[in-house]
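Asks: So I've got this file, work_10.tsv, and it contains TSV, C-alpha atoms and all ligand atoms:
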chain	number	residue	atom	x	y	z
A	1	MET	CA	34.15	41.33	55.87
A	2	THR	CA	34.56	40.85	52.14
A	3	THR	CA	34.26	44.02	50.09
A	4	ILE	CA	33.66	44.59	46.39
A	5	TYR	CA	37.34	45.65	46.19
A	6	ASP	CA	38.62	42.28	47.41
A	7	PRO	CA	40.05	39.64	45.06
A	8	MET	CA	38.15	36.47	44.24
A	9	ASN	CA	38.61	33.24	42.33
A	10	LEU	CA	36.32	32.33	39.48
A	11	GLY	CA	37.33	28.88	38.31
A	12	ALA	CA	40.74	29.15	36.67
A	13	VAL	CA	41.06	32.92	37.07
A	14	THR	CA	41.84	35.14	40.02
A	15	LEU	CA	40.19	38.55	39.87
A	16	LYS	CA	41.73	41.57	41.59
A	17	ASN	CA	38.29	42.82	42.65
A	18	ARG	CA	34.64	41.78	42.51
A	19	ILE	CA	33.48	44.57	40.20
A	20	ILE	CA	32.76	42.97	36.86
A	21	MET	CA	31.96	44.58	33.54
A	22	ALA	CA	28.74	43.08	32.17
A	23	PRO	CA	28.66	42.05	28.50
A	24	MET	CA	27.48	44.91	26.29
A	25	THR	CA	26.95	44.80	22.56
A	26	ARG	CA	28.47	47.97	21.07
A	27	GLY	CA	28.59	47.24	17.33
A	28	ARG	CA	32.20	48.26	16.67
A	29	ALA	CA	33.39	45.11	14.84
A	30	GLY	CA	32.42	46.15	11.31
A	31	SER	CA	30.55	44.12	8.74
A	32	SER	CA	33.03	41.23	8.99
A	33	GLY	CA	32.68	40.94	12.79
A	34	VAL	CA	36.43	41.24	13.30
A	35	PRO	CA	37.47	43.13	16.46
A	36	GLY	CA	40.04	45.81	15.66
A	37	GLU	CA	42.16	48.37	17.48
A	38	LEU	CA	39.12	50.38	18.59
A	39	MET	CA	37.70	47.45	20.53
A	40	ALA	CA	41.13	46.60	21.95
A	41	THR	CA	41.44	50.17	23.25
A	42	TYR	CA	37.91	50.19	24.70
A	43	TYR	CA	38.36	47.00	26.69
A	44	ALA	CA	41.92	47.88	27.82
A	45	GLN	CA	40.60	51.24	29.11
A	46	ARG	CA	38.27	49.30	31.42
A	47	ALA	CA	40.85	46.72	32.59
A	48	SER	CA	40.64	47.85	36.23
A	49	ALA	CA	37.46	45.78	36.49
A	50	GLY	CA	38.04	42.43	38.18
A	51	LEU	CA	36.76	40.79	35.00
A	52	LEU	CA	35.66	42.13	31.64
A	53	ILE	CA	32.95	40.05	30.02
A	54	ALA	CA	33.17	41.14	26.40
A	55	GLU	CA	30.03	41.62	24.40
A	56	ALA	CA	27.84	38.92	22.88
A	57	THR	CA	29.81	37.34	20.03
A	58	ALA	CA	28.33	35.05	17.38
A	59	VAL	CA	29.34	31.39	17.31
A	60	SER	CA	28.24	31.01	13.69
A	61	ALA	CA	27.31	33.16	10.69
A	62	ASP	CA	23.65	32.17	10.99
A	63	GLY	CA	23.59	33.31	14.63
A	64	ARG	CA	24.80	36.85	13.92
A	65	GLY	CA	21.99	39.33	13.49
A	66	TRP	CA	23.22	42.52	15.13
A	67	LEU	CA	24.88	45.07	12.84
A	68	ASN	CA	28.65	45.23	13.29
A	69	SER	CA	28.65	42.83	16.24
A	70	PRO	CA	31.68	40.56	16.56
A	71	GLY	CA	31.96	36.89	15.66
A	72	LEU	CA	34.28	34.09	16.69
A	73	PHE	CA	33.76	31.56	13.92
A	74	ASN	CA	36.66	32.26	11.54
A	75	ASP	CA	40.41	32.83	11.69
A	76	GLU	CA	40.25	36.58	11.10
A	77	GLN	CA	37.82	37.08	13.95
A	78	GLN	CA	39.99	34.91	16.20
A	79	ALA	CA	43.05	37.02	15.31
A	80	GLY	CA	41.06	40.18	16.13
A	81	TRP	CA	40.11	38.78	19.54
A	82	SER	CA	43.73	37.85	20.11
A	83	SER	CA	44.76	41.51	19.89
A	84	VAL	CA	41.93	42.50	22.24
A	85	ALA	CA	43.12	39.90	24.78
A	86	GLU	CA	46.70	41.10	24.46
A	87	SER	CA	45.72	44.74	25.12
A	88	VAL	CA	43.57	43.82	28.10
A	89	HIS	CA	46.29	41.62	29.59
A	90	GLN	CA	48.91	44.32	29.08
A	91	ALA	CA	46.64	46.67	31.00
A	92	GLY	CA	46.41	44.10	33.82
A	93	GLY	CA	42.86	42.91	33.13
A	94	LYS	CA	41.12	39.57	32.69
A	95	LEU	CA	38.89	38.88	29.70
A	96	PHE	CA	36.03	36.50	29.03
A	97	VAL	CA	33.86	36.74	25.93
A	98	GLN	CA	30.14	36.09	25.87
A	99	LEU	CA	29.11	33.58	23.19
A	100	TRP	CA	25.67	33.78	21.60
A	101	HIS	CA	23.52	32.57	18.79
A	102	MET	CA	20.62	34.97	18.28
A	103	GLY	CA	18.27	32.30	16.96
A	104	ALA	CA	14.89	33.65	15.83
A	105	THR	CA	15.99	37.26	16.40
A	106	VAL	CA	18.34	37.12	13.39
A	107	HIS	CA	16.56	39.04	10.63
A	108	PRO	CA	16.42	37.23	7.25
A	109	ASP	CA	18.29	40.25	5.78
A	110	PHE	CA	21.40	38.82	7.47
A	111	LEU	CA	20.76	35.42	5.89
A	112	ASP	CA	20.24	36.34	2.22
A	113	GLY	CA	16.50	36.16	2.82
A	114	ASP	CA	16.53	32.71	4.49
A	115	LYS	CA	14.60	32.06	7.68
A	116	ALA	CA	16.45	32.25	10.99
A	117	VAL	CA	16.74	29.08	13.06
A	118	SER	CA	15.20	28.55	16.49
A	119	SER	CA	13.67	25.91	18.71
A	120	SER	CA	10.35	26.36	16.89
A	121	ALA	CA	8.57	28.32	14.17
A	122	ILE	CA	8.25	31.43	16.30
A	123	ARG	CA	8.21	35.12	15.43
A	124	PRO	CA	9.81	37.25	18.15
A	125	LYS	CA	8.23	40.58	19.03
A	126	GLY	CA	10.51	43.34	17.81
A	127	LYS	CA	12.48	44.95	15.04
A	128	HIS	CA	16.13	45.08	14.09
A	129	ALA	CA	18.42	47.32	12.12
A	130	THR	CA	19.82	45.25	9.26
A	131	PRO	CA	22.12	45.90	6.29
A	132	LEU	CA	18.95	46.88	4.40
A	133	GLY	CA	17.60	49.45	6.84
A	134	GLU	CA	16.44	50.48	10.31
A	135	GLY	CA	13.53	48.97	12.22
A	136	ARG	CA	12.96	45.89	10.08
A	137	GLU	CA	10.26	43.55	11.47
A	138	LEU	CA	11.59	40.12	12.40
A	139	GLY	CA	10.33	37.10	10.46
A	140	THR	CA	9.14	33.66	11.49
A	141	ALA	CA	11.97	31.25	12.26
A	142	ARG	CA	12.28	27.62	11.25
A	143	PRO	CA	12.78	24.89	13.86
A	144	LEU	CA	16.23	23.32	14.03
A	145	SER	CA	16.38	19.65	13.05
A	146	ILE	CA	18.07	17.21	15.45
A	147	GLU	CA	21.16	17.39	13.25
A	148	GLY	CA	20.89	21.19	13.17
A	149	ILE	CA	20.84	21.25	16.99
A	150	SER	CA	23.98	19.17	17.17
A	151	ILE	CA	25.72	21.50	14.67
A	152	GLN	CA	24.85	24.52	16.84
A	153	VAL	CA	26.13	22.75	19.95
A	154	GLN	CA	29.44	22.17	18.16
A	155	ASN	CA	29.51	25.80	17.00
A	156	PHE	CA	29.47	26.93	20.65
A	157	ALA	CA	32.29	24.51	21.48
A	158	ARG	CA	34.41	25.58	18.49
A	159	ALA	CA	33.97	29.28	19.26
A	160	ALA	CA	34.99	28.61	22.88
A	161	ARG	CA	38.13	26.81	21.65
A	162	ARG	CA	38.91	29.79	19.43
A	163	ALA	CA	38.49	32.15	22.39
A	164	ILE	CA	41.06	30.25	24.42
A	165	ASP	CA	43.40	29.89	21.43
A	166	ALA	CA	43.10	33.67	21.00
A	167	GLY	CA	44.42	34.07	24.56
A	168	LEU	CA	41.20	34.98	26.36
A	169	ASP	CA	40.72	33.80	29.93
A	170	GLY	CA	37.36	32.14	29.40
A	171	VAL	CA	33.87	32.34	27.92
A	172	GLU	CA	30.39	33.12	29.15
A	173	ILE	CA	27.59	31.14	27.52
A	174	HIS	CA	24.72	33.51	26.73
A	175	ALA	CA	21.64	31.61	27.83
A	176	ALA	CA	19.70	34.79	28.64
A	177	ASN	CA	17.63	37.59	27.08
A	178	GLY	CA	15.52	35.58	24.65
A	179	TYR	CA	18.28	34.36	22.32
A	180	LEU	CA	18.72	30.83	20.96
A	181	ILE	CA	19.40	28.95	24.21
A	182	ASP	CA	16.61	30.85	25.97
A	183	GLN	CA	14.32	30.08	22.99
A	184	PHE	CA	14.73	26.42	23.92
A	185	THR	CA	14.42	27.00	27.67
A	186	ARG	CA	11.18	28.98	27.88
A	187	ASP	CA	7.79	27.54	27.08
A	188	SER	CA	6.41	30.65	25.32
A	189	CYS	CA	8.78	29.96	22.43
A	190	ASN	CA	9.69	26.27	22.66
A	191	LEU	CA	6.76	24.49	21.01
A	192	ARG	CA	8.64	21.29	20.20
A	193	THR	CA	7.14	17.88	20.82
A	194	ASP	CA	10.42	15.90	20.59
A	195	ASP	CA	13.10	15.37	23.28
A	196	TYR	CA	14.00	19.08	23.17
A	197	GLY	CA	10.55	20.39	24.10
A	198	GLY	CA	7.62	19.87	26.44
A	199	ASN	CA	8.69	19.26	30.02
A	200	ILE	CA	11.32	21.34	31.79
A	201	ASP	CA	14.02	18.70	31.55
A	202	ASN	CA	13.57	18.51	27.77
A	203	ARG	CA	13.53	22.30	27.36
A	204	LEU	CA	16.84	22.48	29.25
A	205	ARG	CA	18.45	19.78	27.10
A	206	PHE	CA	19.89	22.20	24.52
A	207	MET	CA	21.45	24.34	27.28
A	208	ARG	CA	22.94	21.24	28.93
A	209	GLU	CA	24.37	20.00	25.63
A	210	VAL	CA	25.95	23.38	24.88
A	211	VAL	CA	27.43	23.61	28.36
A	212	ALA	CA	28.77	20.05	28.21
A	213	ALA	CA	30.38	20.61	24.79
A	214	VAL	CA	31.94	23.93	25.77
A	215	CYS	CA	33.29	22.48	29.04
A	216	LYS	CA	34.75	19.53	27.13
A	217	ALA	CA	36.39	21.92	24.65
A	218	ILE	CA	38.08	24.29	27.14
A	219	GLY	CA	37.54	23.02	30.71
A	220	ALA	CA	34.64	23.96	33.01
A	221	ASP	CA	36.89	26.22	35.07
A	222	LYS	CA	36.98	28.67	32.15
A	223	VAL	CA	33.23	28.63	31.51
A	224	GLY	CA	30.51	30.83	32.98
A	225	ILE	CA	26.86	31.04	32.02
A	226	ARG	CA	24.33	33.87	32.03
A	227	LEU	CA	20.65	33.38	32.79
A	228	SER	CA	17.87	36.00	32.98
A	229	PRO	CA	14.95	34.16	34.57
A	230	THR	CA	12.59	37.13	34.73
A	231	ASN	CA	13.68	39.05	31.65
A	232	VAL	CA	11.00	39.41	28.98
A	233	SER	CA	13.19	40.51	26.03
A	234	TRP	CA	11.75	39.73	22.60
A	235	GLY	CA	8.49	38.69	24.25
A	236	VAL	CA	9.85	35.45	25.78
A	237	SER	CA	8.32	34.12	28.98
A	238	ASP	CA	7.87	30.89	30.85
A	239	SER	CA	4.69	29.84	32.61
A	240	GLN	CA	6.78	27.81	35.08
A	241	TYR	CA	9.74	30.21	35.35
A	242	GLN	CA	10.42	29.58	39.05
A	243	GLU	CA	10.68	25.84	38.53
A	244	THR	CA	12.36	26.04	35.12
A	245	PHE	CA	15.23	28.17	36.36
A	246	THR	CA	15.56	26.32	39.65
A	247	GLN	CA	15.97	23.14	37.64
A	248	ALA	CA	18.41	24.87	35.28
A	249	VAL	CA	20.63	25.93	38.16
A	250	LYS	CA	20.50	22.53	39.83
A	251	GLN	CA	21.44	20.84	36.55
A	252	LEU	CA	24.32	23.25	35.99
A	253	ASN	CA	25.92	22.06	39.24
A	254	GLU	CA	26.92	18.88	37.45
A	255	PHE	CA	29.52	20.77	35.39
A	256	GLY	CA	31.55	22.67	38.02
A	257	LEU	CA	31.36	25.95	36.09
A	258	ALA	CA	33.52	28.98	36.90
A	259	TYR	CA	30.39	30.99	37.68
A	260	LEU	CA	26.68	31.55	37.28
A	261	HIS	CA	25.76	35.07	36.17
A	262	LEU	CA	22.22	36.15	36.97
A	263	LEU	CA	20.71	39.15	35.23
A	264	GLU	CA	17.71	40.07	37.31
A	265	HIS	CA	16.97	43.64	38.27
A	266	LEU	CA	16.73	44.42	41.94
A	267	PRO	CA	13.07	44.47	43.00
A	268	GLY	CA	11.46	47.81	42.17
A	269	THR	CA	14.09	48.94	39.67
A	270	GLU	CA	12.56	47.54	36.48
A	271	LYS	CA	8.90	47.96	35.56
A	272	ALA	CA	8.74	45.16	32.98
A	273	VAL	CA	9.36	42.43	35.53
A	274	ALA	CA	7.58	44.01	38.50
A	275	LYS	CA	4.92	41.30	38.64
A	276	LEU	CA	7.38	38.40	38.61
A	277	ASP	CA	9.00	36.88	41.68
A	278	TYR	CA	12.59	37.88	42.37
A	279	LEU	CA	14.41	34.56	42.03
A	280	THR	CA	18.04	35.45	42.68
A	281	PRO	CA	18.10	34.49	46.41
A	282	GLN	CA	16.62	31.08	45.66
A	283	LEU	CA	18.88	30.41	42.66
A	284	ARG	CA	21.91	31.48	44.68
A	285	LYS	CA	20.96	28.90	47.29
A	286	TYR	CA	20.81	26.06	44.77
A	287	PHE	CA	24.01	26.85	42.86
A	288	ASP	CA	27.19	25.29	44.26
A	289	GLY	CA	29.70	27.68	42.65
A	290	PRO	CA	30.32	31.45	42.54
A	291	VAL	CA	27.36	33.65	41.64
A	292	LEU	CA	27.57	37.04	39.91
A	293	VAL	CA	24.54	39.31	39.97
A	294	ASN	CA	23.67	42.18	37.67
A	295	GLY	CA	20.88	44.66	37.05
A	296	GLY	CA	20.70	48.21	38.40
A	297	TYR	CA	23.40	47.94	41.07
A	298	SER	CA	25.23	50.81	42.78
A	299	PRO	CA	28.42	50.31	44.84
A	300	GLU	CA	26.25	50.36	47.97
A	301	SER	CA	23.72	47.77	46.79
A	302	ALA	CA	26.60	45.69	45.41
A	303	GLN	CA	28.27	45.68	48.83
A	304	LYS	CA	24.94	44.74	50.38
A	305	ALA	CA	24.68	41.82	47.95
A	306	LEU	CA	28.03	40.51	49.22
A	307	ASP	CA	27.19	41.20	52.88
A	308	SER	CA	23.90	39.30	52.64
A	309	ASP	CA	25.59	36.46	50.75
A	310	LEU	CA	23.37	37.02	47.73
A	311	ALA	CA	26.40	37.00	45.45
A	312	ASP	CA	30.17	36.67	45.24
A	313	GLY	CA	30.63	39.43	42.68
A	314	VAL	CA	28.54	42.11	40.99
A	315	ALA	CA	28.46	43.03	37.31
A	316	PHE	CA	27.83	46.58	36.12
A	317	GLY	CA	26.72	47.39	32.60
A	318	VAL	CA	25.76	50.97	31.70
A	319	PRO	CA	27.98	52.58	34.39
A	320	PHE	CA	31.07	51.15	32.64
A	321	ILE	CA	30.19	52.81	29.32
A	322	ALA	CA	30.98	56.40	30.33
A	323	ASN	CA	33.32	55.56	33.23
A	324	PRO	CA	36.31	53.53	32.07
A	325	ASP	CA	37.74	54.05	35.59
A	326	LEU	CA	34.54	52.92	37.29
A	327	VAL	CA	36.38	51.00	40.01
A	328	ALA	CA	38.40	54.07	41.02
A	329	ARG	CA	35.31	56.27	40.97
A	330	PHE	CA	33.47	53.86	43.24
A	331	GLU	CA	36.44	53.70	45.55
A	332	THR	CA	36.82	57.46	45.84
A	333	GLY	CA	33.11	58.20	45.78
A	334	SER	CA	33.58	60.35	42.65
A	335	GLU	CA	30.68	61.41	40.52
A	336	LEU	CA	29.82	59.12	37.62
A	337	ALA	CA	29.68	60.37	34.04
A	338	VAL	CA	26.43	59.64	32.24
A	339	PRO	CA	26.64	57.80	28.90
A	340	GLU	CA	24.96	59.09	25.76
A	341	SER	CA	22.69	56.34	24.55
A	342	GLN	CA	22.71	57.59	20.96
A	343	TYR	CA	26.27	56.22	20.76
A	344	PHE	CA	25.54	52.78	22.24
A	345	TYR	CA	25.70	51.02	18.86
A	346	THR	CA	27.29	53.56	16.49
A	347	PRO	CA	30.35	52.34	14.59
A	348	ASP	CA	33.16	54.69	15.68
A	349	SER	CA	35.01	56.05	18.70
A	350	ALA	CA	32.42	58.71	19.69
A	351	GLY	CA	30.73	57.68	22.93
A	352	TYR	CA	32.95	54.59	23.00
A	353	THR	CA	36.64	55.20	23.68
A	354	ASP	CA	36.45	58.97	24.27
A	355	TYR	CA	35.27	58.95	27.90
A	356	GLU	CA	37.84	60.33	30.34
A	357	SER	CA	39.48	58.55	33.26
A	358	GLN	CA	39.68	60.90	36.25
A	359	SER	CA	42.27	59.13	38.31
A	360	PRO	CA	44.42	56.03	38.35
A	361	CYS	CA	42.97	53.09	40.23
A	362	ARG	CA	44.82	52.49	43.48
A	363	ILE	CA	43.72	48.91	43.96
A	364	CYS	CA	44.32	47.74	40.43
A	365	ILE	CA	47.92	48.80	39.87
B	401	LIG	C1	24.35	48.95	25.21
B	401	LIG	C2	24.00	47.66	25.90
B	401	LIG	C3	24.35	46.46	25.30
B	401	LIG	C4	24.07	45.25	25.95
B	401	LIG	N1	24.49	44.08	25.38
B	401	LIG	C5	24.37	42.91	26.06
B	401	LIG	C6	24.98	41.73	25.58
B	401	LIG	O1	25.67	41.72	24.56
B	401	LIG	N2	24.78	40.60	26.30
B	401	LIG	C7	24.04	40.57	27.45
B	401	LIG	O2	23.88	39.51	28.06
B	401	LIG	N3	23.50	41.70	27.96
B	401	LIG	C8	23.67	42.87	27.30
B	401	LIG	N4	23.20	44.02	27.86
B	401	LIG	C9	22.67	44.01	29.23
B	401	LIG	C10	23.78	44.34	30.23
B	401	LIG	O3	24.76	43.31	30.27
B	401	LIG	C11	23.22	44.50	31.65
B	401	LIG	O4	22.58	43.30	31.99
B	401	LIG	C12	22.24	45.64	31.78
B	401	LIG	O5	22.80	46.84	31.28
B	401	LIG	C13	21.83	45.84	33.26
B	401	LIG	O6	22.96	46.13	34.06
B	401	LIG	P1	23.23	47.64	34.56
B	401	LIG	O7	21.99	48.07	35.30
B	401	LIG	O8	24.43	47.57	35.45
B	401	LIG	O9	23.44	48.48	33.33
B	401	LIG	C14	23.42	45.25	27.21
B	401	LIG	C15	23.04	46.46	27.78
B	401	LIG	C16	23.34	47.65	27.15
B	401	LIG	C17	22.97	48.95	27.82
Please re-express this file's structure in structure tokens.

Replies:
Amino acid sequence: MTTIYDPMNLGAVTLKNRIIMAPMTRGRAGSSGVPGELMATYYAQRASAGLLIAEATAVSADGRGWLNSPGLFNDEQQAGWSSVAESVHQAGGKLFVQLWHMGATVHPDFLDGDKAVSSSAIRPKGKHATPLGEGRELGTARPLSIEGISIQVQNFARAARRAIDAGLDGVEIHAANGYLIDQFTRDSCNLRTDDYGGNIDNRLRFMREVVAAVCKAIGADKVGIRLSPTNVSWGVSDSQYQETFTQAVKQLNEFGLAYLHLLEHLPGTEKAVAKLDYLTPQLRKYFDGPVLVNGGYSPESAQKALDSDLADGVAFGVPFIANPDLVARFETGSELAVPESQYFYTPDSAGYTDYESQSPCRICI
């Protein structure tokens, strides 16, 4: 029987266990988006995970709309990521970085007052902290031109190249949670009438082009992708979500990706999606490669996911924040520390690198 503590292969990388750290934006990269020593320490502290998927990282300046979030579109940012990769590798870990463009959820304050870009002229539900203040209402985006789409596709590919040049093990394409790729995928926000909108195949075109360009840049065996078929972040939804995401997964098979990462809360654990069908079992069935699942898992439910062949590995988000030694705590059945959410996005070490490790991890030495 395979356990969550057993090694696994994800494309080009071999993981020492199947406990993966989910990508989590923490806002410690300063106004320039350059990862520094603090981030290197944070990720190295958690290197006993089979794989660390570092937080959403902007592929271009116009895709970065989260205060102090990292980027990977200039040399300084690449150098910063290089020191993070070095620290993680020295600590025996493996590191992917999640690549995003926030699309319509970038507040104009980040763009000198310009409109954000998206699939269409949409206005996401929600507010953002910006350099000009807290809780600023988002504006209406402008649709990308055909040329603009192709520039964004290349931005993903270039950022992926930078990640590998910086010494990371791979990248995860962020196609989830209502950001730019998802703004093309779902029909509540893609109102286009050209080849990038309308039917499901057209709405998936942007995702396919990004995946193809990133795979060409660094090799499909270093590329994962994250989807959140039933997540309603920023008010996105899809009237055909079962079919849309089934098609998405089938189309992704063409690329031979390292993994598919599904963020979908276990039934009953998340109110917002309670009325939607739980798609993970079906999507797992259609995807030819390794599947990672995430959303409210415990070590027990994670083991059950492997036993029932729902997944090959399980990602944990919040539990990793206050438990840098999460793998060891799971293994020994130790109590988990509870994170303080007021520090999720604050700029310094408090609630970030100051959580204690109780014991060394037996299986990761
Ligand atoms: C502080 C915080 C930041 C997050 N940032 C990201 C992110 O950058 N990219 C992403 O895809 N999901 C992000 N998420 C979602 C997590 O990756 C994960 O899906 C979620 O926490 C559910 O998993 P869990 O129940 O194990 O915590 C974030 C969640 C939290 C709590």

Asks: Work out how far apart atom CA of Gly198 of chain A and atom CA of Gly148 of chain A are and give it in Å to one decimal.

Replies: 18.8 Å

Asks: Could you list, as a ChimeraX atom specification, all the residues within 9 Å of ligand LIG 401 (chain B), counting all atoms listed in the file?

Replies: /A:21-26,53-57,69,98-100,174-177,226-228,262-265,294-298,314-321,341,343-345

Asks: Give as a list in words the set of residues within 10 Å of the point (37.9, 30.2, 20.3), where distances use the file's coordinates and all atoms listed in the file.

Replies: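 With a cut-off of 10 Å, the residues come to Val59, Leu72, Phe73, Asn74, Asp75, Gln77, Gln78, Ala79, Trp81, Ser82, Val97, Leu99, Phe156, Ala157, Arg158, Ala159, Ala160, Arg161, Arg162, Ala163, Ile164, Asp165, Ala166, Gly167, Leu168, Gly170, Val171, Ala217 and Ile218 of chain A.
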
Asks: Which residue is closest to Arg208 of chain A? Choose from A:Val84, A:Ala116, A:Ile122, A:Ile225 and count all atoms listed in the file.

Replies: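 Residue with the minimum atom-to-atom distance to Arg208 of chain A: A:Ile225.
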
Asks: Would you please work out which residue, of A:Leu283, A:Val327, A:Leu257, A:Leu276, is nearest to Asp238 of chain A when using all atoms listed in the file?

Replies: A:Leu276

Asks: Just to confirm, what's the straight-line distance from atom CA of Arg203 of chain A to atom CA of Gln240 of chain A in Å (one decimal)?

Replies: 11.6 Å

Asks: Please compute the atom CA of Val117 of chain A-atom CA of Pro70 of chain A distance, one decimal, in Å.

Replies: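 Between atom CA of Val117 of chain A and atom CA of Pro70 of chain A the gap works out to 19.2 Å.
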
Asks: Identify which of the residues A:Gly224, A:Gly133, A:Pro124, A:Gly103 lies closest to Val291 of chain A, counting only C-alpha atoms when measuring atom-to-atom distances.

Replies: A:Gly224

Asks: Report as a list in words all protein, DNA and RNA residues lying within 9 Å of Leu15 of chain A, evaluated on all atoms listed in the file, omitting residues in the same chain fewer than 6 positions from it.

Replies: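 The residues that qualify are Asp6, Pro7, Met8, Asn9, Ala49, Gly50, Leu51, Gly93 and Lys94 of chain A.
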